[in-house]
file data-v9.txt (compact mmCIF, C-alpha atoms and all ligand atoms)
# COMPACT_ATOMS: atom_id res chain seq x y z
CA MET A 1 -0.25 43.61 32.91
CA THR A 2 -0.79 39.91 33.39
CA ASP A 3 0.08 37.87 30.36
CA PRO A 4 -3.31 36.46 29.28
CA THR A 5 -1.76 33.25 28.01
CA THR A 6 -0.56 32.27 31.44
CA THR A 7 -3.85 32.68 33.25
CA ALA A 8 -6.32 30.60 31.24
CA GLU A 9 -6.70 27.06 32.50
CA ARG A 10 -6.11 24.07 30.33
CA PRO A 11 -9.26 22.02 29.82
CA GLY A 12 -9.91 18.69 31.46
CA THR A 13 -9.07 17.62 34.96
CA ALA A 14 -6.82 19.64 37.22
CA GLY A 15 -3.20 18.62 37.46
CA GLU A 16 -1.29 16.59 34.96
CA HIS A 17 -2.85 15.51 31.67
CA VAL A 18 -1.97 12.20 30.05
CA LEU A 19 -2.63 11.00 26.51
CA GLU A 20 -2.25 7.23 26.31
CA ILE A 21 -2.17 5.52 22.92
CA ALA A 22 -2.08 1.75 23.30
CA GLY A 23 -1.94 -0.90 20.58
CA LEU A 24 -3.62 1.46 18.12
CA ARG A 25 -4.46 -0.15 14.79
CA ALA A 26 -6.20 1.71 11.98
CA GLY A 27 -6.55 1.71 8.24
CA VAL A 28 -8.20 3.38 5.32
CA ALA A 29 -9.77 1.98 2.16
CA GLY A 30 -9.15 -1.57 3.36
CA LYS A 31 -5.43 -0.97 3.91
CA GLU A 32 -4.04 -1.27 7.42
CA ILE A 33 -1.66 1.61 8.09
CA LEU A 34 -1.21 1.70 11.86
CA ARG A 35 -0.33 -1.74 13.21
CA GLY A 36 -0.09 -1.30 16.94
CA VAL A 37 1.11 2.14 18.04
CA ASP A 38 2.00 2.67 21.70
CA LEU A 39 2.81 6.17 22.90
CA THR A 40 2.20 8.13 26.10
CA VAL A 41 2.41 11.93 26.25
CA ARG A 42 2.17 13.77 29.56
CA SER A 43 1.85 17.45 30.38
CA GLY A 44 5.06 19.34 29.71
CA GLU A 45 6.60 16.56 27.60
CA VAL A 46 7.59 16.90 23.94
CA HIS A 47 7.56 13.69 21.93
CA ALA A 48 8.78 13.86 18.34
CA VAL A 49 7.48 11.30 15.85
CA MET A 50 9.59 10.87 12.74
CA GLY A 51 9.26 8.36 9.95
CA PRO A 52 9.53 7.86 6.19
CA ASN A 53 6.99 9.40 3.84
CA GLY A 54 3.82 7.35 3.83
CA SER A 55 4.62 5.56 7.08
CA GLY A 56 1.37 6.71 8.70
CA LYS A 57 2.29 9.81 10.70
CA SER A 58 -0.59 11.92 9.40
CA THR A 59 -2.86 8.90 9.70
CA LEU A 60 -1.97 8.75 13.38
CA ALA A 61 -2.70 12.48 13.77
CA HIS A 62 -6.04 12.15 11.98
CA VAL A 63 -7.11 9.08 13.90
CA LEU A 64 -6.28 10.80 17.20
CA MET A 65 -8.45 13.80 16.29
CA GLY A 66 -11.27 11.66 14.89
CA ARG A 67 -11.25 12.36 11.21
CA PRO A 68 -14.00 10.41 9.44
CA GLY A 69 -13.01 7.75 6.90
CA TYR A 70 -10.57 5.73 9.00
CA GLU A 71 -11.34 2.30 10.34
CA ILE A 72 -10.07 1.72 13.87
CA THR A 73 -9.28 -1.98 14.10
CA GLY A 74 -7.79 -2.17 17.57
CA GLY A 75 -6.28 -0.48 20.57
CA SER A 76 -7.25 2.57 22.56
CA VAL A 77 -6.66 6.32 22.86
CA VAL A 78 -7.37 7.72 26.31
CA LEU A 79 -6.97 11.31 27.52
CA ASP A 80 -7.20 11.78 31.28
CA GLY A 81 -9.16 8.56 31.57
CA VAL A 82 -11.61 9.50 28.78
CA ASP A 83 -11.93 7.19 25.76
CA LEU A 84 -11.27 9.62 22.90
CA LEU A 85 -12.17 7.11 20.20
CA ALA A 86 -15.80 7.27 21.36
CA LEU A 87 -15.94 11.07 20.92
CA THR A 88 -16.54 13.36 17.93
CA PRO A 89 -13.66 15.66 16.87
CA TRP A 90 -15.18 18.70 18.64
CA GLU A 91 -15.68 16.68 21.82
CA ARG A 92 -12.02 15.61 21.63
CA ALA A 93 -11.09 19.29 21.30
CA GLN A 94 -13.17 20.12 24.35
CA ALA A 95 -11.48 17.28 26.22
CA GLY A 96 -8.19 19.10 25.58
CA LEU A 97 -6.76 17.70 22.34
CA PHE A 98 -5.54 19.99 19.55
CA LEU A 99 -4.32 19.17 16.05
CA ALA A 100 -2.23 21.50 13.90
CA LEU A 101 -2.82 20.15 10.41
CA GLN A 102 -0.09 19.35 7.89
CA TYR A 103 -2.20 21.20 5.30
CA PRO A 104 -4.40 23.75 7.11
CA THR A 105 -7.86 24.07 5.62
CA GLU A 106 -9.11 27.19 3.86
CA VAL A 107 -12.53 28.23 5.17
CA PRO A 108 -14.10 31.03 3.11
CA GLY A 109 -16.54 33.17 5.09
CA VAL A 110 -15.09 32.40 8.53
CA SER A 111 -12.28 34.51 9.95
CA LEU A 112 -9.68 33.40 12.46
CA HIS A 113 -11.32 35.79 14.91
CA ASP A 114 -14.78 34.24 14.33
CA LEU A 115 -13.34 30.77 14.81
CA LEU A 116 -11.57 31.54 18.06
CA GLN A 117 -14.39 33.62 19.49
CA THR A 118 -16.86 30.80 18.85
CA SER A 119 -14.45 28.23 20.31
CA ALA A 120 -13.92 30.38 23.40
CA ARG A 121 -17.65 30.75 23.96
CA ALA A 122 -18.15 27.00 23.54
CA ALA A 123 -15.48 26.43 26.17
CA GLY A 124 -17.25 28.83 28.54
CA ARG A 125 -14.63 31.54 28.27
CA ARG A 126 -15.37 35.25 28.00
CA SER A 127 -15.29 35.97 24.30
CA ASP A 128 -14.54 39.69 24.78
CA ASP A 129 -11.16 38.73 26.27
CA ILE A 130 -10.34 36.70 23.18
CA THR A 131 -9.79 39.68 20.88
CA ALA A 132 -6.94 40.93 23.05
CA GLU A 133 -5.46 37.44 23.35
CA ILE A 134 -5.52 36.96 19.60
CA ALA A 135 -3.77 40.31 19.07
CA ALA A 136 -1.12 39.42 21.66
CA GLU A 137 -0.50 36.02 20.06
CA ALA A 138 -0.26 37.56 16.58
CA GLU A 139 2.39 39.96 17.86
CA ARG A 140 4.38 37.15 19.48
CA LEU A 141 4.39 35.24 16.21
CA ALA A 142 4.93 38.31 14.00
CA LEU A 143 1.72 37.45 12.17
CA ASP A 144 0.24 40.35 10.22
CA PRO A 145 -2.80 41.39 12.34
CA ARG A 146 -4.80 42.04 9.18
CA LEU A 147 -4.93 38.27 8.68
CA ILE A 148 -7.03 37.88 11.83
CA ASP A 149 -10.14 39.18 10.12
CA ARG A 150 -9.52 37.66 6.71
CA PRO A 151 -11.23 34.35 5.77
CA LEU A 152 -9.42 31.55 7.57
CA ASN A 153 -6.32 30.45 5.66
CA VAL A 154 -7.73 31.66 2.33
CA ASP A 155 -4.85 32.75 0.08
CA LEU A 156 -2.42 32.72 2.99
CA SER A 157 1.16 31.68 2.31
CA GLY A 158 2.27 28.27 3.60
CA GLY A 159 4.14 29.91 6.47
CA GLU A 160 1.24 32.19 7.40
CA LYS A 161 -1.03 29.15 7.63
CA LYS A 162 1.35 27.45 10.06
CA LYS A 163 1.58 30.62 12.16
CA ASN A 164 -2.20 30.65 12.13
CA GLU A 165 -2.27 27.13 13.56
CA THR A 166 0.24 28.13 16.24
CA LEU A 167 -1.82 31.19 17.12
CA GLN A 168 -4.92 29.01 17.60
CA LEU A 169 -2.94 26.73 19.90
CA GLY A 170 -1.76 29.71 21.95
CA VAL A 171 -5.29 31.05 22.41
CA LEU A 172 -7.13 27.76 22.90
CA ARG A 173 -4.60 26.39 25.39
CA PRO A 174 -5.19 22.67 24.86
CA ALA A 175 -3.86 20.02 27.23
CA ILE A 176 -2.14 18.00 24.49
CA ALA A 177 -1.21 19.23 21.00
CA VAL A 178 -0.46 17.09 17.96
CA LEU A 179 1.61 19.06 15.44
CA ASP A 180 1.68 17.49 11.98
CA GLU A 181 4.74 18.94 10.24
CA LEU A 182 4.30 22.38 11.73
CA ASP A 183 7.75 23.18 10.37
CA SER A 184 6.93 22.60 6.70
CA GLY A 185 6.62 25.89 4.86
CA LEU A 186 8.03 28.04 7.65
CA ASP A 187 11.10 30.18 7.02
CA VAL A 188 13.84 30.13 9.66
CA ASP A 189 12.55 33.12 11.59
CA ALA A 190 8.96 31.92 11.53
CA LEU A 191 10.02 28.42 12.54
CA ARG A 192 11.89 29.85 15.50
CA ALA A 193 8.94 32.05 16.52
CA CYS A 194 6.42 29.19 16.33
CA ALA A 195 8.67 26.63 18.02
CA ARG A 196 9.59 29.05 20.82
CA ARG A 197 5.94 29.89 21.37
CA ILE A 198 5.04 26.23 21.72
CA GLU A 199 8.10 25.50 23.85
CA ALA A 200 6.95 28.29 26.21
CA GLU A 201 3.54 26.61 26.48
CA THR A 202 5.19 23.38 27.61
CA GLN A 203 6.54 25.10 30.71
CA PRO A 204 4.49 24.92 33.91
CA VAL A 205 3.10 28.26 35.05
CA ALA A 206 3.52 29.95 38.40
CA ASP A 207 -0.05 29.30 39.58
CA GLY A 208 0.56 25.55 39.45
CA GLY A 209 -0.90 25.03 35.97
CA THR A 210 0.65 22.24 33.95
CA GLY A 211 2.55 22.72 30.71
CA LEU A 212 1.34 21.66 27.29
CA GLY A 213 2.12 18.08 26.21
CA VAL A 214 3.26 17.86 22.59
CA LEU A 215 3.36 15.12 19.98
CA ALA A 216 5.35 16.73 17.16
CA ILE A 217 5.46 14.97 13.82
CA THR A 218 8.43 16.20 11.85
CA HIS A 219 11.01 15.22 9.25
CA TYR A 220 13.66 17.61 10.51
CA ASN A 221 15.80 17.95 13.56
CA ARG A 222 15.76 21.75 13.18
CA LEU A 223 12.28 21.96 14.76
CA LEU A 224 13.66 20.15 17.78
CA HIS A 225 16.41 22.74 18.31
CA GLU A 226 13.83 25.16 19.67
CA LEU A 227 11.05 22.78 20.63
CA ARG A 228 13.24 20.62 22.80
CA ALA A 229 12.16 17.00 22.51
CA ASP A 230 12.22 14.75 25.56
CA ALA A 231 11.84 11.68 23.35
CA VAL A 232 12.10 10.86 19.66
CA HIS A 233 10.16 7.95 18.13
CA VAL A 234 10.50 6.43 14.68
CA LEU A 235 7.26 5.23 13.08
CA ALA A 236 7.82 2.68 10.32
CA GLY A 237 5.83 -0.28 9.14
CA GLY A 238 2.87 0.91 11.19
CA THR A 239 4.57 0.76 14.59
CA ILE A 240 7.10 2.65 16.67
CA VAL A 241 10.28 0.77 15.80
CA ARG A 242 12.77 2.91 17.72
CA SER A 243 12.49 5.32 20.63
CA GLY A 244 15.25 7.33 22.20
CA GLY A 245 16.37 10.77 23.25
CA PRO A 246 17.05 13.78 21.01
CA GLU A 247 20.23 12.07 19.79
CA LEU A 248 18.04 9.69 17.78
CA ALA A 249 17.02 12.57 15.48
CA LEU A 250 20.70 13.34 14.88
CA GLU A 251 21.47 9.68 14.22
CA LEU A 252 18.63 9.67 11.73
CA GLU A 253 20.03 12.68 9.88
CA ASP A 254 23.32 10.82 9.50
CA SER A 255 22.10 7.37 8.62
CA GLY A 256 18.70 7.97 7.01
CA TYR A 257 15.82 5.60 7.65
CA ALA A 258 17.42 2.77 5.71
CA GLY A 259 20.45 2.88 7.99
CA LEU A 260 18.36 3.18 11.12
CA VAL A 261 15.53 0.71 10.61
CA GLY A 262 16.60 -1.25 7.54
CA PRO A 263 15.62 -0.82 3.90
CA GLU A 264 12.36 -2.73 4.12
CA LEU A 265 10.81 -0.58 6.81
CA ALA A 266 12.37 2.57 5.39
CA GLY A 267 11.05 1.88 1.91
CA GLU A 268 7.79 0.03 2.41
CA ASP A 269 7.36 1.31 -1.02
CA GLU A 270 4.04 1.05 -2.65
CA GLY A 271 4.73 4.23 -4.54
CA THR A 272 5.21 7.71 -3.21
CA PRO A 273 2.09 8.76 -1.33
CA VAL A 274 0.11 11.53 -2.89
CA ALA A 275 -0.48 14.44 -0.58
CA VAL A 276 -4.19 15.12 -0.64
CA ARG A 277 -5.08 18.72 0.14
CA PRO A 278 -7.95 19.59 2.44
CA THR A 279 -11.18 20.96 1.11
CA ILE A 280 -14.13 22.61 2.75
CA ASP A 281 -15.83 19.19 2.65
CA ASP A 282 -12.85 17.44 4.19
CA PRO A 283 -10.93 19.84 6.41
CA PHE A 284 -8.36 17.24 7.42
CA GLY A 285 -7.35 16.67 3.79
CA GLY A 286 -6.89 13.19 2.42
CA PRO A 287 -9.03 10.13 2.33
CA GLY A 288 -11.93 11.23 4.45
CA ALA A 289 -15.60 10.71 4.36
CA GLY A 290 -18.48 12.43 6.01
CA ASP A 291 -19.63 15.98 6.42
CA PRO A 292 -17.50 17.96 8.89
CA PHE A 293 -20.36 20.42 9.38
CA ALA A 294 -22.95 17.78 10.18
CA ASP A 295 -24.44 18.07 13.63
CA PRO A 296 -22.37 15.55 15.63
CA LEU A 297 -25.24 15.06 18.05
CA ALA A 298 -27.79 14.31 15.34
N1 LIG B 1 -7.58 6.69 0.73
C1 LIG B 1 -6.48 5.97 0.77
N2 LIG B 1 -6.43 4.80 0.16
C2 LIG B 1 -5.32 4.04 0.21
N3 LIG B 1 -4.20 4.40 0.85
C3 LIG B 1 -4.19 5.58 1.48
C4 LIG B 1 -5.31 6.42 1.48
N4 LIG B 1 -4.99 7.52 2.19
C5 LIG B 1 -3.73 7.36 2.62
N5 LIG B 1 -3.25 6.21 2.19
C6 LIG B 1 -1.90 5.69 2.41
O1 LIG B 1 -1.62 5.61 3.78
C7 LIG B 1 -0.22 5.70 3.98
C8 LIG B 1 0.09 6.65 5.12
O2 LIG B 1 -0.17 7.99 4.73
P1 LIG B 1 0.16 9.21 5.71
O3 LIG B 1 -0.38 10.45 5.07
O4 LIG B 1 -0.31 8.88 7.07
O5 LIG B 1 1.76 9.22 5.69
P2 LIG B 1 2.81 10.20 6.39
O6 LIG B 1 3.69 9.36 7.24
O7 LIG B 1 2.10 11.33 7.03
O8 LIG B 1 3.64 10.73 5.14
P3 LIG B 1 4.35 12.16 4.86
O9 LIG B 1 5.67 12.12 5.60
O10 LIG B 1 4.57 12.16 3.38
O11 LIG B 1 3.43 13.27 5.33
C9 LIG B 1 0.36 6.09 2.63
O12 LIG B 1 0.92 4.96 2.02
C10 LIG B 1 -0.84 6.60 1.87
O13 LIG B 1 -0.67 6.45 0.48
MG MG B 2 1.99 13.38 6.74
call {"tool": "encode", "arguments": {"input": "data-v9.txt", "output": "structure tokens"}}
result
Amino acid sequence: MTDPTTTAERPGTAGEHVLEIAGLRAGVAGKEILRGVDLTVRSGEVHAVMGPNGSGKSTLAHVLMGRPGYEITGGSVVLDGVDLLALTPWERAQAGLFLALQYPTEVPGVSLHDLLQTSARAAGRRSDDITAEIAAEAERLALDPRLIDRPLNVDLSGGEKKKNETLQLGVLRPAIAVLDELDSGLDVDALRACARRIEAETQPVADGGTGLGVLAITHYNRLLHELRADAVHVLAGGTIVRSGGPELALELEDSGYAGLVGPELAGEDEGTPVAVRPTIDDPFGGPGAGDPFADPLA
């Protein structure tokens, strides 16, 4: 039997996909957090973004996906020539961008199956094929299949939520995926299963299809053992202050941020940031505004 995950096309233009972030500046509540971020992610590449707590990693992820509440003060985000900053979050998803949230949202009344079936239909895919794909992905990730029909993320363990995000990625087959601390909450076996699944997606397929491009936000080198990073970037003080190969993550483990980028950029301390959990009204979690269920075309 043909593996269903290797036959679906990635959205967007044929051939290689490119996400280009240039001079991106953004803030929230009058505070500038991103102060000129430059990063390019191509099909098949894995870029890790590391950085101290509160340095703006989740802000970057949210701004890329279009979460309301952030002020974009400069720069551009372009996917395959399309200006993402001009699009709504669902349009960005249709353009091929995917975000695995640091704190996945609980959505009572909507199952994972409902979500993926609706997404597949919206993308013009046959929704009756989706059920089999979901089951295959759940098996790959050792996710209890009973969770597929339960309300999305409701009462799931931290690890189950992250597997859930990975399953969505496997079924939706985006061009570029932003993973915001996918590794947090996963036990060793689950981490390996999720990272291997995503690593497999980054490989080109036999029919000439391109591999997934990944921007993986993480604090730990262990994710990068399985999800092999081509480049590691350190975000501090609102910009990428260091870029290098996988050895940079190891150097970081030895020296800490203070040793690597200096105490000022490592600390930046205006107090430890408070993690704000998502709610049904703000599925990204954190300082958002706006109604995620509002008709984006209205
Ligand atoms: N509504 C808000 N008002 C003021 N500051 C905010 C608001 N929301 C976020 N911030 C600040 O923005 C900064 C960046 O937060 P962000 O969540 O992007 O950090 P992070 O790098 O993802 O951290 P972590 O590693 O802990 O996940 C933090 O200092 C945070 O306190
Ligand atoms: Mg974060």
call {"tool": "residues_around", "arguments": {"input": "data-v9.txt", "residues": "Met50 (chain A)", "least_positions_apart": "5", "cutoff": "7 Å", "atoms": "only C-alpha atoms", "output": "ChimeraX atom specification"}}
result
/A:217-219,233-235
call {"tool": "atom_distance", "arguments": {"input": "data-v9.txt", "atom1": "CA of Leu85 (chain A)", "atom2": "CA of Val28 (chain A)"}}
result
15.8 Å
call {"tool": "residues_around", "arguments": {"input": "data-v9.txt", "residues": "Thr239 (chain A)", "least_positions_apart": "2", "cutoff": "6 Å", "atoms": "only C-alpha atoms", "output": "PyMOL selection string"}}
result
chain A and resi 35-37+235-237+241
call {"tool": "residues_near_ligand", "arguments": {"input": "data-v9.txt", "ligand": "ligand MG 2 (chain B)", "cutoff": "8 Å", "atoms": "only C-alpha atoms and all ligand atoms", "output": "JSON list (two decimals) with C-alpha atoms, in the coordinates of the input"}}
result
[["chain", "number", "residue", "atom", "x", "y", "z"],
["A", 53, "ASN", "CA", 6.99, 9.40, 3.84],
["A", 54, "GLY", "CA", 3.82, 7.35, 3.83],
["A", 56, "GLY", "CA", 1.37, 6.71, 8.70],
["A", 57, "LYS", "CA", 2.29, 9.81, 10.70],
["A", 58, "SER", "CA", -0.59, 11.92, 9.40],
["A", 59, "THR", "CA", -2.86, 8.90, 9.70],
["A", 102, "GLN", "CA", -0.09, 19.35, 7.89],
["A", 180, "ASP", "CA", 1.68, 17.49, 11.98],
["A", 181, "GLU", "CA", 4.74, 18.94, 10.24],
["A", 275, "ALA", "CA", -0.48, 14.44, -0.58]]
call {"tool": "closest_residue", "arguments": {"input": "data-v9.txt", "among": "A:Gly66, A:Gly23, A:Gly209, A:Pro204", "to": "Gly44 (chain A)", "atoms": "all atoms listed in the file"}}
result
A:Pro204
call {"tool": "closest_residue", "arguments": {"input": "data-v9.txt", "among": "A:Ala258, A:Ile148, A:Val77, A:Val214", "to": "Ala175 (chain A)", "atoms": "all atoms listed in the file"}}
result
A:Val214
call {"tool": "atom_distance", "arguments": {"input": "data-v9.txt", "atom1": "CA of Leu265 (chain A)", "atom2": "CA of Gly51 (chain A)"}}
result
9.6 Å
call {"tool": "residues_around", "arguments": {"input": "data-v9.txt", "residues": "Leu87 (chain A)", "least_positions_apart": "3", "cutoff": "12 Å", "atoms": "all atoms listed in the file", "output": "MDAnalysis selection string"}}
result
chainID A and resid 63:68 77:79 82:84 90:95 97 296:297
call {"tool": "closest_residue", "arguments": {"input": "data-v9.txt", "among": "A:Gly256, A:Leu212, A:Thr105, A:Ala136", "to": "Leu19 (chain A)", "atoms": "only C-alpha atoms"}}
result
A:Leu212
call {"tool": "residues_near_point", "arguments": {"input": "data-v9.txt", "point": "(0.4, 38.4, 17.9)", "cutoff": "12 Å", "atoms": "only C-alpha atoms", "output": "number ranges by chain"}}
result
A: 5, 131-148, 163-164, 166-168, 170-171, 193-194, 197
call {"tool": "decode", "arguments": {"input": "data-v9.txt", "residues": "region 137-166 of chain A", "atoms": "N, CA and C atoms", "output": "mmCIF file, in the first residue's frame"}}
result
data_model
loop_
_atom_site.group_PDB
_atom_site.id
_atom_site.type_symbol
_atom_site.label_atom_id
_atom_site.label_comp_id
_atom_site.auth_asym_id
_atom_site.auth_seq_id
_atom_site.Cartn_x
_atom_site.Cartn_y
_atom_site.Cartn_z
ATOM 1 N N GLU A 137 -1.162 8.196 11.064
ATOM 2 C CA GLU A 137 -0.282 9.125 11.801
ATOM 3 C C GLU A 137 -0.312 8.816 13.300
ATOM 4 N N ALA A 138 -1.505 8.525 13.819
ATOM 5 C CA ALA A 138 -1.624 8.228 15.255
ATOM 6 C C ALA A 138 -0.776 7.005 15.597
ATOM 7 N N GLU A 139 -0.791 6.022 14.708
ATOM 8 C CA GLU A 139 -0.012 4.808 14.954
ATOM 9 C C GLU A 139 1.482 5.119 14.934
ATOM 10 N N ARG A 140 1.905 5.923 13.976
ATOM 11 C CA ARG A 140 3.326 6.294 13.890
ATOM 12 C C ARG A 140 3.810 6.972 15.154
ATOM 13 N N LEU A 141 2.913 7.769 15.754
ATOM 14 C CA LEU A 141 3.304 8.563 16.919
ATOM 15 C C LEU A 141 2.949 7.865 18.230
ATOM 16 N N ALA A 142 2.397 6.661 18.148
ATOM 17 C CA ALA A 142 1.910 5.949 19.325
ATOM 18 C C ALA A 142 0.944 6.825 20.126
ATOM 19 N N LEU A 143 0.047 7.491 19.400
ATOM 20 C CA LEU A 143 -0.989 8.298 20.050
ATOM 21 C C LEU A 143 -2.232 7.433 20.164
ATOM 22 N N ASP A 144 -2.797 7.376 21.364
ATOM 23 C CA ASP A 144 -4.002 6.584 21.596
ATOM 24 C C ASP A 144 -5.091 7.007 20.603
ATOM 25 N N PRO A 145 -5.555 6.090 19.726
ATOM 26 C CA PRO A 145 -6.534 6.480 18.697
ATOM 27 C C PRO A 145 -7.846 7.003 19.267
ATOM 28 N N ARG A 146 -8.118 6.680 20.535
ATOM 29 C CA ARG A 146 -9.366 7.209 21.126
ATOM 30 C C ARG A 146 -9.332 8.728 21.246
ATOM 31 N N LEU A 147 -8.105 9.290 21.244
ATOM 32 C CA LEU A 147 -8.002 10.753 21.391
ATOM 33 C C LEU A 147 -8.432 11.495 20.128
ATOM 34 N N ILE A 148 -8.504 10.755 19.017
ATOM 35 C CA ILE A 148 -8.853 11.397 17.736
ATOM 36 C C ILE A 148 -10.271 11.958 17.755
ATOM 37 N N ASP A 149 -11.146 11.285 18.472
ATOM 38 C CA ASP A 149 -12.548 11.729 18.482
ATOM 39 C C ASP A 149 -12.933 12.462 19.756
ATOM 40 N N ARG A 150 -11.953 12.643 20.639
ATOM 41 C CA ARG A 150 -12.234 13.439 21.848
ATOM 42 C C ARG A 150 -12.094 14.925 21.516
ATOM 43 N N PRO A 151 -12.717 15.820 22.325
ATOM 44 C CA PRO A 151 -12.559 17.263 22.069
ATOM 45 C C PRO A 151 -11.075 17.632 22.034
ATOM 46 N N LEU A 152 -10.728 18.468 21.072
ATOM 47 C CA LEU A 152 -9.335 18.782 20.773
ATOM 48 C C LEU A 152 -8.570 19.283 22.006
ATOM 49 N N ASN A 153 -7.584 18.524 22.393
ATOM 50 C CA ASN A 153 -6.665 18.875 23.485
ATOM 51 C C ASN A 153 -7.290 18.936 24.881
ATOM 52 N N VAL A 154 -8.617 18.752 24.973
ATOM 53 C CA VAL A 154 -9.263 18.900 26.285
ATOM 54 C C VAL A 154 -8.831 17.754 27.194
ATOM 55 N N ASP A 155 -8.257 18.114 28.344
ATOM 56 C CA ASP A 155 -7.798 17.161 29.352
ATOM 57 C C ASP A 155 -6.708 16.216 28.855
ATOM 58 N N LEU A 156 -6.050 16.564 27.763
ATOM 59 C CA LEU A 156 -4.923 15.748 27.314
ATOM 60 C C LEU A 156 -3.694 16.087 28.147
ATOM 61 N N SER A 157 -2.796 15.116 28.295
ATOM 62 C CA SER A 157 -1.546 15.399 29.000
ATOM 63 C C SER A 157 -0.700 16.317 28.115
ATOM 64 N N GLY A 158 0.314 16.930 28.712
ATOM 65 C CA GLY A 158 1.188 17.827 27.953
ATOM 66 C C GLY A 158 1.795 17.119 26.750
ATOM 67 N N GLY A 159 2.234 15.877 26.958
ATOM 68 C CA GLY A 159 2.857 15.124 25.871
ATOM 69 C C GLY A 159 1.858 14.767 24.784
ATOM 70 N N GLU A 160 0.641 14.394 25.204
ATOM 71 C CA GLU A 160 -0.388 14.049 24.206
ATOM 72 C C GLU A 160 -0.723 15.256 23.335
ATOM 73 N N LYS A 161 -0.721 16.438 23.944
ATOM 74 C CA LYS A 161 -1.014 17.650 23.159
ATOM 75 C C LYS A 161 0.058 17.869 22.092
ATOM 76 N N LYS A 162 1.319 17.629 22.453
ATOM 77 C CA LYS A 162 2.397 17.842 21.493
ATOM 78 C C LYS A 162 2.360 16.787 20.384
ATOM 79 N N LYS A 163 1.962 15.556 20.740
ATOM 80 C CA LYS A 163 1.787 14.530 19.704
ATOM 81 C C LYS A 163 0.663 14.922 18.759
ATOM 82 N N ASN A 164 -0.371 15.495 19.359
ATOM 83 C CA ASN A 164 -1.511 15.987 18.586
ATOM 84 C C ASN A 164 -1.083 17.023 17.547
ATOM 85 N N GLU A 165 -0.218 17.935 17.957
ATOM 86 C CA GLU A 165 0.283 18.958 17.041
ATOM 87 C C GLU A 165 1.079 18.299 15.914
ATOM 88 N N THR A 166 1.899 17.317 16.289
ATOM 89 C CA THR A 166 2.731 16.622 15.300
ATOM 90 C C THR A 166 1.853 15.847 14.316
#
